[in-house]
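Peer 1: The structure is given below, and queries will be raised subsequently.
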Amino acid sequence: MRRRLGLLAALFVTFALPARAEVEPTTFTLENGMEVVVLEDHRAPVVVHMVWYRIGAADEPPGTSGIAHFLEHLLFKGTDDLAAGEFSEIVSANGGSDNAFTSWDYTGYFQRVAADRLDLMMTMEADRMRDLQISETDVLTERDVILEERSQRTDSDPGALFSEQRRAAQYLNHPYGIPVIGWRHEMEQLSMEDALSFYQTFYAPNNAILIVAGDVDPAEVRTLAEKHYGPLEPTLDLPERSRPQEPPQLSERRLVLEDARIGQPYVMRSYLAPERDSGAQEEAAALDILAALLGGSPTTSVLAKKLQFETQDAIFTSAYYNGLSLDDTTFGLITVPREGVSLEDAEAALDQAIAEFMEEGVDPDQLERIKMQARASRIYADDDVAAMARRYGQALTSGLTLEDIAAWPDLVQAVTAEDVMVAAERIFNRDNAVTGWLKKPENVADVEASQ
């Protein structure tokens with residue numbers, strides 16, 4: 001009893017303590033157009049240095065799918081000052097770590113180091129922004145690397161292939177339907193000319209956002225940024241981000257992917273959904289709450305209670321939504337049936353659970369629980385300077401502003417049950433949906449015997 005009271009007291013103290021004050025970003029823009037965001041956090045002598053480019057897989061020229069990700073790899077080759085691989089070696093020798101990432105809307109590079117190494121990081125990152133030096137051998141070697149990456153992460157993984165096919169079916173016209181890593185037949189043809197054209201156009205200070213988070217002084221960051229990034233030439237007549245958009249979708253798309261390698265069949269459905277729009281994030285906030293209500297918990301969410309515990313048709317359920325997207329995103333539902341339940345019956349049970357939710361509405365207690373979790377998650381996330389920097393980078397390269405980032409937590413807390421149901425009514429339109437089944441072939445024994 002004493003232990004229980006102690007735990008309750010600890011929980012009360014945890015939620016009674018005031019949250020750490022929201023970090024107030026310092027921002028400025030260099031004369032060459034490079035935007036800079038500084039997030040001060042002096043609790044540890046560490047800094048995260050990130051450069052985000054407003055360019056991703058959805059901005060690639062037709063026929064060159066994978067070039068954004070390919071170029072990310074090539075940036076770890078040499079510059080006029082650094083030999084191939086030397087960038088990461090220097091970061092490691094200074095006790096830090098570095099990496100990079102590519103998405104449909106952005107490409108980013110980062111280092112996490114001791115705060116007194118910031119000058120060195122800027123020196124090297126500014127160097128490779130405009131002075132990449134690559135050879136034909138580099139291109140051929142690294143092209144083999146990304147092809148092998150596709151083999152390992154996509155072609156050998158039925159779930160990844162299923163995801164790729166579903167996404168291609170979801171977007172009839174928008175390049176979000178093209179995989180970030182690229183289609184293999186196009187990746188095989190990527191050339192030095194493709195890489196350098198993409199690099200020289202888009203890797204420019206006026207297409208980049210510098211985010212520095214951690215134990216730093218904004219005035220010092222400005223001095224260093226002006227010193228290292230300030231002299232870099234911008235791209236004149238930088239192309240606007242203009243992408244093909246989706247036409248009205250008039251019917252549901254369905255697909256079945258059979259693969260003898262899968263361990264567990266499942267049903268997944270995604271709906272085209274609005275992203276977080278600058279100055280108008282309210283619907284996205286409601287969709288964020290809707291996803292949490294339906295599938296955010298393995299025990300208390302709507303789908304878990306209905307399908308895993310009441311009918312026991314499923315062993316796993318989930319729902320997802322990510323509004324950080326420059327253009328329309330997706331809202332998804334997943335159900336993994338228990339043994340003996342067919343995918344047809346699993347889909348019918350999922351449909352029934354959603355229909356019951358639309359009839360019953362939102363449980364007020366669950367809504368408040370999810371809002372409390374959102375508040376707690378935000379506090380915990382800001383304890384990690386890298387996560388904080390990434391949150392800003394993703395938002396800013398997805399068309400949002402600093403004002404939108406600051407407003408988001410309050411918008412989530414302001415969501416009402418009515419807001420959630422209005423958003424659900426709009427989202428659950430089967431004309432905008434792709435429903436997929438991932439399953440073993442019916443004659444799987446014959447397939448395996450022939451392999």
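We label chains A, B, ... in the order they appear in the structure tokens, count residues from 1 in each chain, and number ligands from 1 in the order shown.
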Which of range 182-419 of chain A end up as strand (DSSP E or B) when DSSP is run on this backbone - answer as an NGL selection string?
Peer 2: :A and (208-214 or 253-258 or 266-273 or 277 or 280 or 314-321 or 329-337)
Peer 1: Include N, CA and C atoms and write out the residues we just selected as a compact mmCIF listing (two decimals), in the first residue's frame.
Peer 2:
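Writing done, so here's result-v3.txt:
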# COMPACT_ATOMS: atom_id res chain seq x y z
N ALA A 208 18.24 26.57 -48.44
CA ALA A 208 18.63 25.82 -47.24
C ALA A 208 18.20 26.53 -45.96
N ILE A 209 18.03 25.73 -44.93
CA ILE A 209 17.74 26.22 -43.58
C ILE A 209 18.79 25.64 -42.64
N LEU A 210 19.49 26.49 -41.94
CA LEU A 210 20.45 26.06 -40.93
C LEU A 210 19.76 26.08 -39.57
N ILE A 211 19.80 24.95 -38.89
CA ILE A 211 19.25 24.86 -37.54
C ILE A 211 20.36 24.44 -36.59
N VAL A 212 20.58 25.25 -35.57
CA VAL A 212 21.59 24.98 -34.55
C VAL A 212 20.88 24.91 -33.21
N ALA A 213 20.98 23.77 -32.54
CA ALA A 213 20.28 23.58 -31.28
C ALA A 213 21.26 23.08 -30.22
N GLY A 214 21.12 23.63 -29.02
CA GLY A 214 21.95 23.17 -27.91
C GLY A 214 22.62 24.30 -27.17
N ARG A 253 -9.19 2.20 -54.86
CA ARG A 253 -8.25 1.29 -55.48
C ARG A 253 -7.94 0.15 -54.51
N ARG A 254 -7.85 -1.07 -55.05
CA ARG A 254 -7.59 -2.24 -54.22
C ARG A 254 -6.43 -3.02 -54.82
N LEU A 255 -5.63 -3.62 -53.95
CA LEU A 255 -4.54 -4.45 -54.44
C LEU A 255 -4.30 -5.60 -53.48
N VAL A 256 -3.80 -6.68 -54.04
CA VAL A 256 -3.41 -7.85 -53.26
C VAL A 256 -1.99 -8.19 -53.65
N LEU A 257 -1.08 -8.24 -52.68
CA LEU A 257 0.29 -8.63 -52.93
C LEU A 257 0.52 -9.97 -52.25
N GLU A 258 0.88 -10.96 -53.05
CA GLU A 258 1.16 -12.29 -52.52
C GLU A 258 2.65 -12.52 -52.52
N TYR A 266 -1.88 -9.26 -43.45
CA TYR A 266 -2.62 -8.16 -42.83
C TYR A 266 -3.33 -7.31 -43.87
N VAL A 267 -4.24 -6.49 -43.36
CA VAL A 267 -5.02 -5.56 -44.19
C VAL A 267 -4.61 -4.15 -43.83
N MET A 268 -4.42 -3.34 -44.84
CA MET A 268 -4.06 -1.95 -44.59
C MET A 268 -4.85 -1.07 -45.55
N ARG A 269 -5.40 -0.01 -45.02
CA ARG A 269 -6.13 0.95 -45.86
C ARG A 269 -5.63 2.35 -45.58
N SER A 270 -5.36 3.10 -46.65
CA SER A 270 -4.96 4.50 -46.50
C SER A 270 -5.92 5.38 -47.26
N TYR A 271 -6.15 6.56 -46.70
CA TYR A 271 -7.03 7.56 -47.31
C TYR A 271 -6.21 8.81 -47.60
N LEU A 272 -6.45 9.44 -48.73
CA LEU A 272 -5.84 10.73 -48.99
C LEU A 272 -6.35 11.72 -47.95
N ALA A 273 -5.44 12.51 -47.37
CA ALA A 273 -5.80 13.39 -46.26
C ALA A 273 -5.06 14.72 -46.38
N ASP A 277 -1.53 22.82 -43.05
CA ASP A 277 -1.34 24.01 -43.89
C ASP A 277 -1.01 25.22 -43.04
N ALA A 280 -3.60 27.33 -41.12
CA ALA A 280 -4.87 26.60 -41.09
C ALA A 280 -4.59 25.14 -40.73
N ALA A 314 -8.52 -9.70 -34.25
CA ALA A 314 -7.19 -9.21 -34.60
C ALA A 314 -6.21 -9.41 -33.46
N ILE A 315 -4.93 -9.55 -33.82
CA ILE A 315 -3.88 -9.58 -32.80
C ILE A 315 -3.13 -8.25 -32.74
N PHE A 316 -3.38 -7.39 -33.71
CA PHE A 316 -2.76 -6.07 -33.72
C PHE A 316 -3.60 -5.14 -34.57
N THR A 317 -3.75 -3.89 -34.11
CA THR A 317 -4.44 -2.86 -34.88
C THR A 317 -3.70 -1.54 -34.69
N SER A 318 -3.85 -0.65 -35.64
CA SER A 318 -3.22 0.66 -35.51
C SER A 318 -3.88 1.64 -36.46
N ALA A 319 -3.62 2.91 -36.22
CA ALA A 319 -4.03 3.99 -37.11
C ALA A 319 -2.91 5.01 -37.11
N TYR A 320 -2.72 5.70 -38.23
CA TYR A 320 -1.61 6.65 -38.31
C TYR A 320 -1.99 7.87 -39.15
N TYR A 321 -1.32 8.97 -38.86
CA TYR A 321 -1.47 10.20 -39.62
C TYR A 321 -0.24 11.06 -39.35
N THR A 329 -1.31 14.32 -47.65
CA THR A 329 -0.69 13.17 -47.02
C THR A 329 -1.71 12.03 -46.94
N THR A 330 -1.49 11.08 -46.04
CA THR A 330 -2.43 9.97 -45.90
C THR A 330 -2.79 9.73 -44.44
N PHE A 331 -3.97 9.14 -44.26
CA PHE A 331 -4.45 8.66 -42.97
C PHE A 331 -4.66 7.17 -43.14
N GLY A 332 -4.11 6.35 -42.23
CA GLY A 332 -4.14 4.92 -42.46
C GLY A 332 -4.67 4.09 -41.31
N LEU A 333 -5.18 2.90 -41.66
CA LEU A 333 -5.69 1.92 -40.70
C LEU A 333 -5.05 0.57 -41.00
N ILE A 334 -4.73 -0.18 -39.95
CA ILE A 334 -4.09 -1.49 -40.11
C ILE A 334 -4.77 -2.49 -39.18
N THR A 335 -5.00 -3.68 -39.68
CA THR A 335 -5.46 -4.77 -38.81
C THR A 335 -4.75 -6.05 -39.21
N VAL A 336 -4.22 -6.73 -38.21
CA VAL A 336 -3.55 -8.02 -38.41
C VAL A 336 -4.45 -9.08 -37.80
N PRO A 337 -5.06 -9.94 -38.60
CA PRO A 337 -6.03 -10.91 -38.05
C PRO A 337 -5.36 -12.03 -37.26
Peer 1: So that I can check the surroundings of range 421-427 of chain A, please list as a ChimeraX atom specification every protein, DNA and RNA residue that reaches within 7 Å of it, counting only C-alpha atoms and ignoring chain neighbours fewer than 4 positions away.
Peer 2: /A:271,273,283,286-287,361,417
Peer 1: Taking a cut-off of 12 Å and counting only C-alpha atoms, can you build a table that, for each residue of range 367-426 of chain A near range 231-250 of chain A, reports the nearest atom pair and how far apart they are in Å (one decimal), sorted by chain then residue number, as a tab-separated table?
Peer 2:
residue	atom	partner	partner_atom	distance
A:Thr397	CA	A:Arg241	CA	11.1
A:Ser398	CA	A:Arg241	CA	11.0
A:Gly399	CA	A:Arg241	CA	10.4
Peer 1: Got a sec to tell me which of range 341-372 of chain A DSSP assigns to helix (DSSP H, G or I), as a count of residues only?
Peer 2: 27
Peer 1: I'd like the neighbourhood of Gly296 in chain A as a VMD selection string, where a residue qualifies if any of its atoms comes within 10 Å (using only C-alpha atoms), though same-chain residues fewer than 4 positions away should be ignored.
Peer 2: chain A and resid 288 to 292 300 to 304 317 to 320 370
Peer 1: Pick out the residues sitting within 10 Å of Glu136 in chain A, and hand them over as a list in words; count only C-alpha atoms, and ignore anything fewer than 3 positions along from it in its own chain.
Peer 2: Val139, Leu140, Thr141, Glu142, Ser191, Met192 and Glu193 of chain A
Peer 1: Would you work out the distance separating CA of Met388 in chain A from CA of Val48 in chain A, expressed in Å to one decimal?
Peer 2: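 So the two atoms, CA of Met388 in chain A and CA of Val48 in chain A, lie 9.8 Å apart.
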Peer 1: Closest to His228 in chain A among A:Met372, A:Ala100, A:Met358, A:Met122, using only C-alpha atoms?
Peer 2: A:Met122
